[in-house]
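Here's the structure we're looking at; comments come further down.
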Amino acid sequence: MEYAIDVGGTKIAYAIVDGTRIIAEDSIATDGKSPEESLPKVGEALRTVARESMRDVRAVGLSLPGPIAHGVLLHAPNLHPAWAGRRIDELLGLLALAVPGVAQRDALLGGLGEFAAGAGQGLDSFAYLTLGTGVGGGLIIDGEPLTGTDGAAGEIGHLTVDVRGPRCGCGRRGCVEAIASGTAIARIYAAETGEEIHGAEIAQRARSGERAARRVFSRAGSALGVACAAWAQVANPQAVITGGSLSQSMDLLLPSLERTLHRRAWKANLPLPIVQAKLGGPAPLVGAAYYARAHAR
Ligand SMILES: [Zn+2]
């Protein structure tokens, strides 16, 4: 059994995981909190659950929203500034769980979760795409997360797809995230129509045939198609698994995504099926436990 913790921009989800089954799960709000203000509380809550239920927990897996390399969380733009640059063993120490631990970037652990218990079962190598307020991604190759030198390999959200495109949060222009994230879709729609409405409502308007709404989703789908073609070219995965809240609008994204993918990808790398994730939100928790089971010493 493992402890699994998923640190996000608004909450920290935590659980005890038995195999691929989540047997106790809860969360605390993280908004603007430093590791010192939040991790000790999570550790205490997990220790209490383990003690009261007499679970024999052997390791801890920590999912973090940023690239990890050389034992350090290198960037974490959605968290309190005190998170970035921190050593993983320091962060694990704040949990005081008294078991060995590992940490990895959230999109990679989400992918591993799908590999262990979701849409990635039976696949060896695939790309995992999370579509929400941001766009995240990673590659699972032969059942292991591909990290690269600085932990950011396969992070497709910041692939440039339009050199003159909208400004991205990372400071550059035309990243996938600046065109295809939920935030970007709302921003581009507002710029075109003057109406500031939520992504879900734009999706509804697109489904009822409104042109501006359809155009914004079609552009987002094309950006994702270019991204998938890049993944296909570089890593030749068996499939792309899509998760995150915005993947519920896949019906609107998929036509232009697939059209662009088939136009841009080299034929040797096709077909590349686009598959819906099965686990959804808990994927990083299941993946963190799976990763800890394999790698925590
Ligand atoms: Zn960017």
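Identifiers in the structure tokens: chain A, B, ... in order shown; residue index from 1 per chain; ligand index from 1 in order shown.
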Between chain A and ligand 1, at 9 Å or less, what are the per-residue closest atom pairs and their distances in Å? Count only C-alpha atoms and all ligand atoms, order by chain and rising residue number, and return it as CSV.
residue,atom,partner,partner_atom_place_in_ligand_line,distance
A:Gly157,CA,ligand 1,1 (Zn),6.6
A:His158,CA,ligand 1,1 (Zn),4.0
A:Leu159,CA,ligand 1,1 (Zn),7.0
A:Thr160,CA,ligand 1,1 (Zn),7.4
A:Arg167,CA,ligand 1,1 (Zn),7.8
A:Cys168,CA,ligand 1,1 (Zn),4.6
A:Gly169,CA,ligand 1,1 (Zn),5.7
A:Cys170,CA,ligand 1,1 (Zn),4.3
A:Gly171,CA,ligand 1,1 (Zn),6.4
A:Arg172,CA,ligand 1,1 (Zn),5.6
A:Arg173,CA,ligand 1,1 (Zn),6.8
A:Gly174,CA,ligand 1,1 (Zn),7.3
A:Cys175,CA,ligand 1,1 (Zn),4.6
A:Val176,CA,ligand 1,1 (Zn),7.2
A:Glu177,CA,ligand 1,1 (Zn),6.2
A:Ala178,CA,ligand 1,1 (Zn),6.6
Exercise. For Ala186 of chain A, please output as an MDAnalysis selection string all residues within 12 Å (counting only C-alpha atoms; exclusion window: fewer than 3 positions along the same chain).
Key: chainID A and resid 132:134 178:183 189:203 212:213 216:217 220 246
Quiz item: DSSP on the backbone: what in segment 21-131 of chain A comes out helix (DSSP H, G or I), as a PyMOL selection string?
Solution: chain A and resi 35-52+88-95+106-117
Quiz prompt | Among the residues A:Gln233, A:Thr30, A:Thr147, A:Thr48, the one that comes closest to Ala15 of chain A [using only C-alpha atoms] | solution =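 That would be A:Thr48, the residue with the smallest distance to Ala15 of chain A.
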Quiz item: Contacts of segment 23-28 of chain A at 6 Å or less, counting only C-alpha atoms, minus same-chain residues fewer than 5 places along, as a ChimeraX atom specification?
Solution: /A:11-17
Go ahead and write the selection's residues with N, CA and C atoms as a CSV table (one decimal), in the first residue's frame.
chain,number,residue,atom,x,y,z
A,11,LYS,N,-5.8,22.8,-4.9
A,11,LYS,CA,-5.9,21.9,-3.8
A,11,LYS,C,-4.8,20.8,-3.9
A,12,ILE,N,-4.6,20.2,-2.7
A,12,ILE,CA,-3.7,19.1,-2.6
A,12,ILE,C,-4.6,17.9,-2.3
A,13,ALA,N,-4.7,16.9,-3.3
A,13,ALA,CA,-5.5,15.7,-3.0
A,13,ALA,C,-4.5,14.7,-2.5
A,14,TYR,N,-5.0,13.9,-1.5
A,14,TYR,CA,-4.1,12.8,-1.0
A,14,TYR,C,-5.0,11.6,-0.7
A,15,ALA,N,-4.3,10.4,-0.7
A,15,ALA,CA,-5.0,9.2,-0.6
A,15,ALA,C,-4.0,8.1,-0.1
A,16,ILE,N,-4.6,7.0,0.3
A,16,ILE,CA,-3.9,5.7,0.5
A,16,ILE,C,-4.4,4.9,-0.7
A,17,VAL,N,-3.5,4.2,-1.3
A,17,VAL,CA,-3.8,3.5,-2.5
A,17,VAL,C,-3.4,2.0,-2.3
Quiz item: Taking into account only C-alpha atoms, which residue in the set A:Leu252, A:Ser222, A:Ala239, A:Ala82 is nearest to Ser208 of chain A?
Solution: A:Leu252
Quiz item: Taking into account only C-alpha atoms, which residue in the set A:Val286, A:Met54, A:Ala235, A:Leu253 is nearest to Leu272 of chain A?
Solution: A:Ala235
Exercise. One decimal, Å: what's the distance from atom CA of Pro100 of chain A over to atom CA of Ser34 of chain A, could you say?
Key: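 Between atom CA of Pro100 of chain A and atom CA of Ser34 of chain A the gap is 22.4 Å.
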Practice problem: For atom CA of Val163 of chain A and atom CA of Arg264 of chain A, determine how far apart the two atoms are, in Å to one decimal place. | Solution: 16.4 Å
Quiz prompt | Distance criterion (only C-alpha atoms): nearest to Asp31 of chain A out of A:His75, A:Arg58, A:His80, A:Arg211 | solution =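 Closest to Asp31 of chain A, using only C-alpha atoms: A:His80.
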Counting only C-alpha atoms, what are the residues of segment 97-123 of chain A within 12 Å of segment 63-70 of chain A, and for each of them which pair of atoms is the nearest and at what distance in Å, to one decimal? Sort the table by chain and rising number, as a tab-separated table.
residue	atom	partner	partner_atom	distance
A:Gly101	CA	A:Ser63	CA	11.0
A:Val102	CA	A:Ser63	CA	8.8
A:Ala103	CA	A:Ser63	CA	5.8
A:Gln104	CA	A:Ser63	CA	5.4
A:Arg105	CA	A:Leu64	CA	5.0
A:Asp106	CA	A:Ser63	CA	4.9
A:Ala107	CA	A:Pro65	CA	7.9
A:Leu108	CA	A:Ser63	CA	8.8
A:Leu109	CA	A:Ser63	CA	6.7
A:Gly110	CA	A:Ser63	CA	8.7
A:Gly111	CA	A:Ser63	CA	11.6
A:Leu112	CA	A:Ser63	CA	11.2
A:Gly113	CA	A:Ser63	CA	11.3
Create the file for the chosen residues now, containing C-alpha atoms and written as a PDB file, in the first residue's frame.
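Result file is result-v5.pdb:
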ATOM      1  CA  GLY A 101       9.282   8.478  -1.229  1.00  0.00           C
ATOM      2  CA  VAL A 102       9.541   9.661  -4.832  1.00  0.00           C
ATOM      3  CA  ALA A 103       8.131  12.604  -6.766  1.00  0.00           C
ATOM      4  CA  GLN A 104       7.344  13.212 -10.417  1.00  0.00           C
ATOM      5  CA  ARG A 105       5.605  15.768 -12.651  1.00  0.00           C
ATOM      6  CA  ASP A 106       1.802  15.482 -12.554  1.00  0.00           C
ATOM      7  CA  ALA A 107       1.193  14.827 -16.256  1.00  0.00           C
ATOM      8  CA  LEU A 108       3.690  11.940 -16.190  1.00  0.00           C
ATOM      9  CA  LEU A 109       2.045  10.408 -13.131  1.00  0.00           C
ATOM     10  CA  GLY A 110      -1.407  10.930 -14.654  1.00  0.00           C
ATOM     11  CA  GLY A 111      -0.139   8.995 -17.664  1.00  0.00           C
ATOM     12  CA  LEU A 112       1.235   6.266 -15.407  1.00  0.00           C
ATOM     13  CA  GLY A 113      -2.139   6.056 -13.650  1.00  0.00           C
TER      14      GLY A 113
END
Exercise. Name the closest residue to Tyr291 of chain A among the candidates A:Gly154, A:Gly143, A:Gly243, A:Gly43; distances are taken between atoms, counting only C-alpha atoms.
Key: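 Between A:Gly154, A:Gly143, A:Gly243, A:Gly43, the residue approaching Tyr291 of chain A most closely is A:Gly143.
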Exercise. Have a look at A:Lys41, A:Arg47, A:Arg214, A:Arg55 and name the one nearest to Asp18 of chain A; count only C-alpha atoms.
Key: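 Ranked by minimum distance to Asp18 of chain A, first place goes to A:Arg55.
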Quiz item: Can you list, as JSON, numbers by chain, every protein, DNA or RNA residue that comes within 8 Å of Val57 of chain A when you count only C-alpha atoms, leaving out same-chain residues fewer than 2 positions away?
Solution: {"A": [1, 2, 3, 16, 50, 55, 59, 99]}
Exercise. Apply DSSP to the structure's backbone, then extract all residues of segment 109-202 of chain A labelled strand (DSSP E) and return them as an MDAnalysis selection string.
Key: chainID A and resid 126:131 135:141 144:145
